[in-house]
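Undergrad: Pasting protein-v7.txt here (compact mmCIF, C-alpha atoms (C1' of nucleotides)):
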# COMPACT_ATOMS: atom_id res chain seq x y z
CA MET A 1 129.69 107.23 71.43
CA ILE A 2 125.95 107.28 71.99
CA LYS A 3 123.84 107.12 68.87
CA TYR A 4 120.32 108.29 68.40
CA SER A 5 117.69 105.58 68.31
CA LYS A 6 113.99 106.01 67.89
CA GLN A 7 113.37 103.30 70.44
CA ARG A 8 115.25 105.19 73.10
CA GLN A 9 113.54 108.41 72.14
CA ALA A 10 110.15 106.75 72.39
CA ILE A 11 110.97 105.32 75.81
CA LYS A 12 112.07 108.73 77.08
CA ASN A 13 108.97 110.38 75.72
CA GLN A 14 106.68 107.81 77.21
CA LEU A 15 108.30 108.18 80.61
CA LEU A 16 108.12 111.95 80.36
CA ASN A 17 104.53 112.03 79.16
CA ARG A 18 103.26 109.66 81.77
CA GLY A 19 104.95 111.56 84.56
CA ASP A 20 104.51 108.62 86.90
CA HIS A 21 106.56 105.52 87.59
CA PRO A 22 105.87 102.66 85.22
CA THR A 23 107.65 99.34 85.08
CA ALA A 24 109.63 98.24 82.05
CA GLU A 25 106.77 95.92 81.12
CA THR A 26 104.28 98.77 81.19
CA LEU A 27 106.40 100.95 78.95
CA TYR A 28 106.92 98.04 76.63
CA SER A 29 103.24 97.23 76.21
CA GLU A 30 102.36 100.88 75.72
CA LEU A 31 104.94 101.32 72.99
CA LYS A 32 104.42 97.97 71.32
CA PRO A 33 101.32 98.98 69.31
CA SER A 34 103.17 101.79 67.57
CA MET A 35 106.42 99.85 67.31
CA PRO A 36 105.38 96.26 66.67
CA ASN A 37 108.83 94.76 66.67
CA LEU A 38 110.07 96.54 69.72
CA SER A 39 111.67 94.08 72.08
CA ILE A 40 111.47 94.06 75.86
CA ALA A 41 115.24 93.64 75.93
CA THR A 42 115.60 96.97 74.17
CA VAL A 43 113.42 98.62 76.76
CA TYR A 44 115.52 97.26 79.60
CA ARG A 45 118.77 98.14 77.83
CA ASN A 46 117.69 101.70 77.22
CA LEU A 47 116.31 102.24 80.69
CA LYS A 48 119.60 101.06 82.11
CA GLN A 49 121.52 103.31 79.78
CA LEU A 50 119.37 106.31 80.59
CA GLU A 51 119.90 105.65 84.23
CA GLY A 52 123.64 105.56 83.70
CA MET A 53 123.46 108.92 81.95
CA GLY A 54 121.50 110.30 84.85
CA GLU A 55 118.42 111.07 82.77
CA ILE A 56 116.16 108.83 84.77
CA THR A 57 116.07 107.28 88.23
CA ILE A 58 115.26 103.73 89.09
CA ILE A 59 112.97 102.89 91.97
CA ILE A 60 113.48 99.46 93.46
CA THR A 61 110.21 98.01 94.63
CA ASP A 62 108.88 94.71 95.73
CA GLY A 63 108.37 92.77 92.53
CA ALA A 64 109.34 94.91 89.60
CA THR A 65 111.66 97.86 89.21
CA ARG A 66 110.05 101.16 88.31
CA TYR A 67 111.50 104.08 86.41
CA ASP A 68 111.19 107.76 87.00
CA TYR A 69 112.01 110.69 84.76
CA ASN A 70 112.08 113.22 87.54
CA VAL A 71 115.51 114.61 88.27
CA LYS A 72 114.78 116.80 91.28
CA PRO A 73 115.44 115.06 94.58
CA HIS A 74 112.16 113.79 95.91
CA ALA A 75 110.64 110.90 97.77
CA HIS A 76 108.15 108.29 96.68
CA PHE A 77 104.86 107.40 98.19
CA PHE A 78 103.30 103.96 97.80
CA CYS A 79 99.58 103.70 98.43
CA ASN A 80 98.72 100.56 100.38
CA LYS A 81 95.18 100.58 99.03
CA CYS A 82 95.43 101.17 95.29
CA GLY A 83 99.13 100.61 94.69
CA ALA A 84 99.71 104.05 93.20
CA VAL A 85 103.23 105.43 93.31
CA LEU A 86 103.37 109.19 93.80
CA ASP A 87 106.08 111.81 94.23
CA ILE A 88 106.57 113.82 97.35
CA ASP A 89 108.91 116.78 97.38
CA THR A 90 111.40 116.62 100.19
CA ASP A 91 114.28 118.78 101.21
CA ARG A 92 117.58 117.04 100.62
CA GLU A 93 119.38 118.97 103.32
CA GLN A 94 116.94 117.96 106.01
CA ILE A 95 117.00 114.27 105.14
CA VAL A 96 120.75 114.02 104.94
CA LYS A 97 121.08 115.89 108.21
CA ILE A 98 118.86 113.39 110.00
CA GLY A 99 120.97 110.53 108.72
CA GLN A 100 124.23 112.21 109.54
CA GLU A 101 123.17 112.77 113.15
CA ASN A 102 123.81 109.16 114.10
CA PHE A 103 126.34 108.10 111.53
CA SER A 104 129.98 108.90 111.00
CA GLY A 105 130.36 107.75 107.39
CA SER A 106 129.80 109.97 104.39
CA ILE A 107 126.28 110.18 103.02
CA GLU A 108 126.29 110.85 99.30
CA GLY A 109 122.78 109.95 98.34
CA TYR A 110 119.52 108.75 99.75
CA GLU A 111 116.14 107.40 98.92
CA VAL A 112 112.97 107.79 100.92
CA ASN A 113 109.81 105.78 100.50
CA PHE A 114 106.61 106.50 102.33
CA TYR A 115 103.71 104.11 102.69
CA GLY A 116 100.11 104.84 103.56
CA THR A 117 96.84 105.92 102.01
CA CYS A 118 96.86 108.31 99.08
CA PRO A 119 94.56 111.36 98.94
CA ASP A 120 92.34 109.61 96.38
CA CYS A 121 91.74 106.55 98.50
CA MET A 122 91.15 108.68 101.56
CA THR A 123 88.40 110.52 99.71
CA LYS A 124 86.88 107.28 98.47
CA SER A 125 86.82 105.59 101.84
CA ARG A 126 85.18 108.64 103.33
CA ALA A 127 82.35 108.46 100.80
CA MET B 1 97.42 78.21 113.93
CA ILE B 2 101.17 78.59 113.81
CA LYS B 3 103.14 75.54 114.82
CA TYR B 4 106.63 75.43 116.13
CA SER B 5 109.28 74.34 113.67
CA LYS B 6 112.97 74.02 114.29
CA GLN B 7 113.68 75.40 110.86
CA ARG B 8 111.87 78.62 111.65
CA GLN B 9 113.55 78.83 115.02
CA ALA B 10 116.96 78.35 113.44
CA ILE B 11 116.26 81.07 110.88
CA LYS B 12 115.19 83.50 113.58
CA ASN B 13 118.25 82.73 115.67
CA GLN B 14 120.59 83.13 112.77
CA LEU B 15 119.07 86.49 111.88
CA LEU B 16 119.23 87.61 115.48
CA ASN B 17 122.79 86.42 116.04
CA ARG B 18 124.17 87.98 112.91
CA GLY B 19 122.55 91.29 113.68
CA ASP B 20 123.09 92.41 110.11
CA HIS B 21 121.07 92.04 106.91
CA PRO B 22 121.67 88.78 105.11
CA THR B 23 119.90 87.53 102.02
CA ALA B 24 117.81 84.35 102.05
CA GLU B 25 120.66 82.57 100.26
CA THR B 26 123.14 83.58 102.94
CA LEU B 27 120.94 82.33 105.74
CA TYR B 28 120.36 79.14 103.83
CA SER B 29 124.02 78.37 103.29
CA GLU B 30 124.86 79.19 106.87
CA LEU B 31 122.21 76.86 108.23
CA LYS B 32 122.70 74.09 105.68
CA PRO B 33 125.72 72.48 107.41
CA SER B 34 123.81 71.90 110.62
CA MET B 35 120.53 71.07 108.85
CA PRO B 36 121.58 69.16 105.73
CA ASN B 37 118.14 68.73 104.28
CA LEU B 38 116.99 72.25 104.84
CA SER B 39 115.48 73.62 101.67
CA ILE B 40 115.78 77.14 100.32
CA ALA B 41 112.01 77.15 99.86
CA THR B 42 111.60 76.70 103.60
CA VAL B 43 113.86 79.66 104.23
CA TYR B 44 111.83 81.87 101.92
CA ARG B 45 108.54 80.65 103.34
CA ASN B 46 109.59 81.30 106.90
CA LEU B 47 111.09 84.69 106.19
CA LYS B 48 107.85 85.71 104.54
CA GLN B 49 105.84 84.37 107.44
CA LEU B 50 108.02 86.14 109.98
CA GLU B 51 107.62 89.34 108.06
CA GLY B 52 103.87 88.91 108.10
CA MET B 53 103.97 88.47 111.85
CA GLY B 54 106.03 91.62 112.17
CA GLU B 55 109.03 89.86 113.65
CA ILE B 56 111.37 90.86 110.90
CA THR B 57 111.58 93.53 108.24
CA ILE B 58 112.44 93.07 104.62
CA ILE B 59 114.82 95.38 102.84
CA ILE B 60 114.36 95.58 99.11
CA THR B 61 117.64 96.06 97.33
CA ASP B 62 118.94 95.86 93.84
CA GLY B 63 119.41 92.15 93.20
CA ALA B 64 118.36 90.22 96.24
CA THR B 65 116.03 90.98 99.11
CA ARG B 66 117.61 91.26 102.54
CA TYR B 67 116.08 90.55 105.91
CA ASP B 68 116.43 92.40 109.17
CA TYR B 69 115.54 91.38 112.69
CA ASN B 70 115.58 94.90 114.04
CA VAL B 71 112.16 96.17 115.08
CA LYS B 72 113.01 99.74 116.05
CA PRO B 73 112.40 102.21 113.26
CA HIS B 74 115.69 102.93 111.63
CA ALA B 75 117.22 103.62 108.26
CA HIS B 76 119.67 101.61 106.22
CA PHE B 77 122.98 102.66 104.84
CA PHE B 78 124.49 101.03 101.76
CA CYS B 79 128.21 101.48 101.28
CA ASN B 80 129.07 102.16 97.66
CA LYS B 81 132.61 100.88 98.14
CA CYS B 82 132.31 97.61 100.05
CA GLY B 83 128.62 96.85 99.74
CA ALA B 84 128.02 96.73 103.50
CA VAL B 85 124.51 97.37 104.74
CA LEU B 86 124.41 99.18 108.08
CA ASP B 87 121.73 100.55 110.37
CA ILE B 88 121.33 104.22 111.12
CA ASP B 89 119.03 105.34 113.88
CA THR B 90 116.59 107.95 112.76
CA ASP B 91 113.76 109.73 114.42
CA ARG B 92 110.43 108.58 113.05
CA GLU B 93 108.68 111.81 113.89
CA GLN B 94 111.12 113.92 111.97
CA ILE B 95 111.01 111.81 108.84
CA VAL B 96 107.24 111.58 108.71
CA LYS B 97 106.98 115.31 109.26
CA ILE B 98 109.17 116.05 106.27
CA GLY B 99 107.01 113.84 104.08
CA GLN B 100 103.78 115.25 105.39
CA GLU B 101 104.87 118.81 104.61
CA ASN B 102 104.16 118.41 100.92
CA PHE B 103 101.62 115.65 100.88
CA SER B 104 97.98 115.47 101.84
CA GLY B 105 97.57 111.68 102.08
CA SER B 106 98.14 109.70 105.21
CA ILE B 107 101.67 108.46 105.87
CA GLU B 108 101.63 105.24 107.85
CA GLY B 109 105.13 103.99 107.33
CA TYR B 110 108.38 104.81 105.64
CA GLU B 111 111.71 103.50 104.64
CA VAL B 112 114.92 105.46 104.28
CA ASN B 113 118.03 104.31 102.51
CA PHE B 114 121.26 106.23 102.51
CA TYR B 115 124.15 105.66 100.13
CA GLY B 116 127.75 106.70 100.49
CA THR B 117 131.01 105.60 102.05
CA CYS B 118 130.97 103.73 105.33
CA PRO B 119 133.31 104.66 108.21
CA ASP B 120 135.48 101.62 107.50
CA CYS B 121 136.07 102.48 103.88
CA MET B 122 136.72 106.11 104.74
CA THR B 123 139.47 105.04 107.11
CA LYS B 124 140.97 102.68 104.54
CA SER B 125 141.03 105.22 101.74
CA ARG B 126 142.70 107.70 104.05
CA ALA B 127 145.54 105.25 104.78
C1' DT C 1 93.90 62.82 114.13
C1' DT C 2 94.26 67.11 112.02
C1' DT C 3 96.53 70.61 109.71
C1' DG C 4 100.70 73.23 109.40
C1' DC C 5 105.45 72.65 107.82
C1' DT C 6 109.03 70.52 105.07
C1' DG C 7 111.82 69.00 101.14
C1' DC C 8 112.17 68.56 96.46
C1' DA C 9 111.68 69.88 91.94
C1' DA C 10 109.30 72.22 88.61
C1' DA C 11 107.35 76.64 87.53
C1' DT C 12 107.23 81.79 87.53
C1' DT C 13 108.74 86.35 87.19
C1' DC C 14 111.85 89.83 86.13
C1' DT C 15 115.97 90.94 83.81
C1' DT C 16 120.14 90.01 81.16
C1' DT C 17 122.88 88.11 77.34
C1' DG C 18 124.62 86.02 72.84
C1' DC C 19 124.36 86.69 68.20
C1' DA C 20 123.54 88.08 63.58
C1' DC C 21 121.63 92.08 61.47
C1' DT C 22 120.46 96.99 60.74
C1' DG C 23 121.11 101.85 60.70
C1' DG C 24 123.09 106.23 62.55
C1' DG C 25 127.44 108.98 62.29
C1' DC D 1 132.54 101.81 56.55
C1' DC D 2 132.17 100.95 61.58
C1' DC D 3 130.30 100.11 65.75
C1' DA D 4 126.21 101.24 68.79
C1' DG D 5 121.66 99.67 68.92
C1' DT D 6 118.08 96.14 67.82
C1' DG D 7 115.15 91.88 67.91
C1' DC D 8 114.77 87.40 69.16
C1' DA D 9 115.27 83.59 71.86
C1' DA D 10 117.72 81.43 75.24
C1' DA D 11 119.98 81.96 79.72
C1' DG D 12 120.03 83.59 84.46
C1' DA D 13 118.88 84.90 89.11
C1' DA D 14 115.61 85.23 92.75
C1' DT D 15 111.52 83.63 94.50
C1' DT D 16 107.24 80.83 94.54
C1' DT D 17 104.33 76.81 94.22
C1' DG D 18 102.44 71.88 93.89
C1' DC D 19 102.51 67.85 96.23
C1' DA D 20 103.29 63.88 99.13
C1' DG D 21 105.21 62.78 103.51
C1' DC D 22 106.23 64.27 108.34
C1' DA D 23 105.47 66.14 112.78
C1' DA D 24 103.44 69.52 116.10
C1' DA D 25 99.15 70.25 118.72
Let me see the file written as structure tokens.
TA:
Amino acid sequence: MIKYSKQRQAIKNQLLNRGDHPTAETLYSELKPSMPNLSIATVYRNLKQLEGMGEITIIITDGATRYDYNVKPHAHFFCNKCGAVLDIDTDREQIVKIGQENFSGSIEGYEVNFYGTCPDCMTKSRA
Amino acid sequence: MIKYSKQRQAIKNQLLNRGDHPTAETLYSELKPSMPNLSIATVYRNLKQLEGMGEITIIITDGATRYDYNVKPHAHFFCNKCGAVLDIDTDREQIVKIGQENFSGSIEGYEVNFYGTCPDCMTKSRA
DNA sequence: TTTGCTGCAAATTCTTTGCACTGGG
DNA sequence: CCCAGTGCAAAGAATTTGCAGCAAA
């Protein structure tokens, strides 16, 4: 049985409020001030548990793993200039269809990552 | 200037001959018998260098990083049953278009991973 | 000869685990 | 009460780095 814990609640809130894709370390250091004896292990344990319950999604990146509250199927965009990680809405049907075209197995899930220059950096470099 | 090294050559060959997506550890243990004082550090260094030169592609996975000789744009398929990593040909244009539909930045590259049951496992479970 | 490459081992980084303790149900 | 959840520190796994010797160019 899953019990309530204020640590888990705080982690969920933080992820939800940020709306972006922080690492476990980031969440930890943001929560630490208000919960001085929070442990990084607790953060990892809860993130893993939340993922198991389907409440969050993990994003495997070079270096550290990132976590995402978003439930809707979408893709991620990694800016090569500033390192930002953004969401891009994509149509599940279309993606799966493309994969299925040249593959006879069964596709149950997918993950799409785009790389390039984010709108912000494009604006900056134009200035 | 990049110098020839038999270690690097061996790593490239192994990657090319296998045709699949081994981890650095796998390559290392396969080459070790014929090169007894090969070091895992050398394997990592060369894989990173080859990636920088564009000769190979890295695939970031849960756990360990995998390496791929394939240059053509394609997607990867991860079998949830047997853990196999396979290639799926995909059309670059189509994928980038889908991303671009809801995003104003510039998409320069992408990576697509599919998850599901591979043809082999489908056959087995049917038996 | 010069400078990249190698092997080795130690160091890092990210994440997980063991354990005694606390607190929700 | 009982067991999931916690904090801490130690353990792990994957990868990187420092350095002295070796070997391409």
Undergrad: Give the residues of chain D that lie within 10 Å of chain A; count all atoms listed in the file, and format the answer as a list of chain:residue names.
TA: D:DC3, D:DA4, D:DG5, D:DT6, D:DG7, D:DC8, D:DT15
Undergrad: In the coordinate frame of the file, compute which residues have an atom within 10 Å of (115.3, 105.3, 107.7) when using only C-alpha atoms (C1' of nucleotides), and state them as a list of chain:residue names.
TA: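 It turns out the residues near that spot are A:Ile95, A:Ile98, A:Gly99, A:Tyr110, A:Glu111, A:Val112, A:Asn113, B:Pro73, B:His74, B:Ala75, B:His76, B:Phe77, B:Asp87, B:Ile88, B:Asp89, B:Thr90, B:Asp91, B:Arg92, B:Ile95, B:Tyr110, B:Glu111, B:Val112, B:Asn113, B:Phe114.
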Undergrad: Nearest residue to DC19 in chain C out of D:DA9, D:DA24, D:DA14, D:DC19, using all atoms listed in the file?
TA: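 Checking each of D:DA9, D:DA24, D:DA14, D:DC19 against DC19 in chain C, counting all atoms listed in the file, the winner is D:DA9.
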Undergrad: Under the rule that all atoms listed in the file are counted, which of C:DG4, C:DG18, C:DG24, C:DA9 is the nearest residue to chain A?
TA: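 For chain A, the nearest of the candidates is C:DG24.
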Undergrad: Work out how far apart CA of Ser29 in chain A and CA of Gln49 in chain A are and give it in Å to one decimal.
TA: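 It comes out at 19.6 Å.
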Undergrad: Give me, as a PyMOL selection string, all polymer residues having an atom no more than 10 Å from Leu31 in chain A, counting only C-alpha atoms (C1' of nucleotides) and skipping those fewer than 3 positions away in the same chain.
TA: chain A and resi 7+10-11+14+25-28+34-39+43
Undergrad: What are the closest atom pairs, with distances in Å to one decimal, for each residue of range 9-123 of chain A lying within 12 Å of range 65-70 of chain B, using all atoms listed in the file, rows by chain and rising residue number, as CSV?
TA:
residue,atom,partner,partner_atom,distance
A:Ile60,CA,B:Thr65,CA,10.5
A:Thr61,CA,B:Thr65,CA,10.2
A:Asp62,CA,B:Thr65,CA,8.7
A:Gly63,CA,B:Thr65,CA,10.3
Undergrad: Return the padded bounding box of range 11-16 of chain C as JSON: axis-aligned, built from all atoms listed in the file, 3 Å added on each side, with centre and edge lengths in Å to one decimal.
TA:
{"center_x": 113.7, "center_y": 83.8, "center_z": 84.3, "size_x": 18.9, "size_y": 20.3, "size_z": 12.4}
Undergrad: Near chain A, meaning an atom within 8 Å, which residues of chain C appear when counting all atoms listed in the file? Write them as a VMD selection string.
TA: chain C and resid 14 to 15 24 to 25
Undergrad: Between CA of Asp20 in chain B and CA of Gly83 in chain B, what is the distance in Å, rounded to a tenth?
TA: 12.6 Å
Undergrad: Identify which of the residues B:Ile107, B:Val96, B:Cys82, B:Leu50 lies closest to Cys121 in chain B, counting all atoms listed in the file when measuring atom-to-atom distances.
TA: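 Using all atoms listed in the file, Cys121 in chain B sits closest to B:Cys82.
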Undergrad: Record the distance separating CA of Val85 in chain B and CA of His21 in chain B, expressed in Å with one decimal.
TA: 6.7 Å
Undergrad: I'd like to know which of A:Cys118, A:Leu86, A:Met53, A:Ile59 is closest to Thr23 in chain A, using all atoms listed in the file.
TA: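 Under the stated criterion, the closest residue is A:Ile59.
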Undergrad: Closest to chain B among A:Arg18, A:Thr123, A:Thr117, A:Ile56, using all atoms listed in the file?
TA: A:Thr117
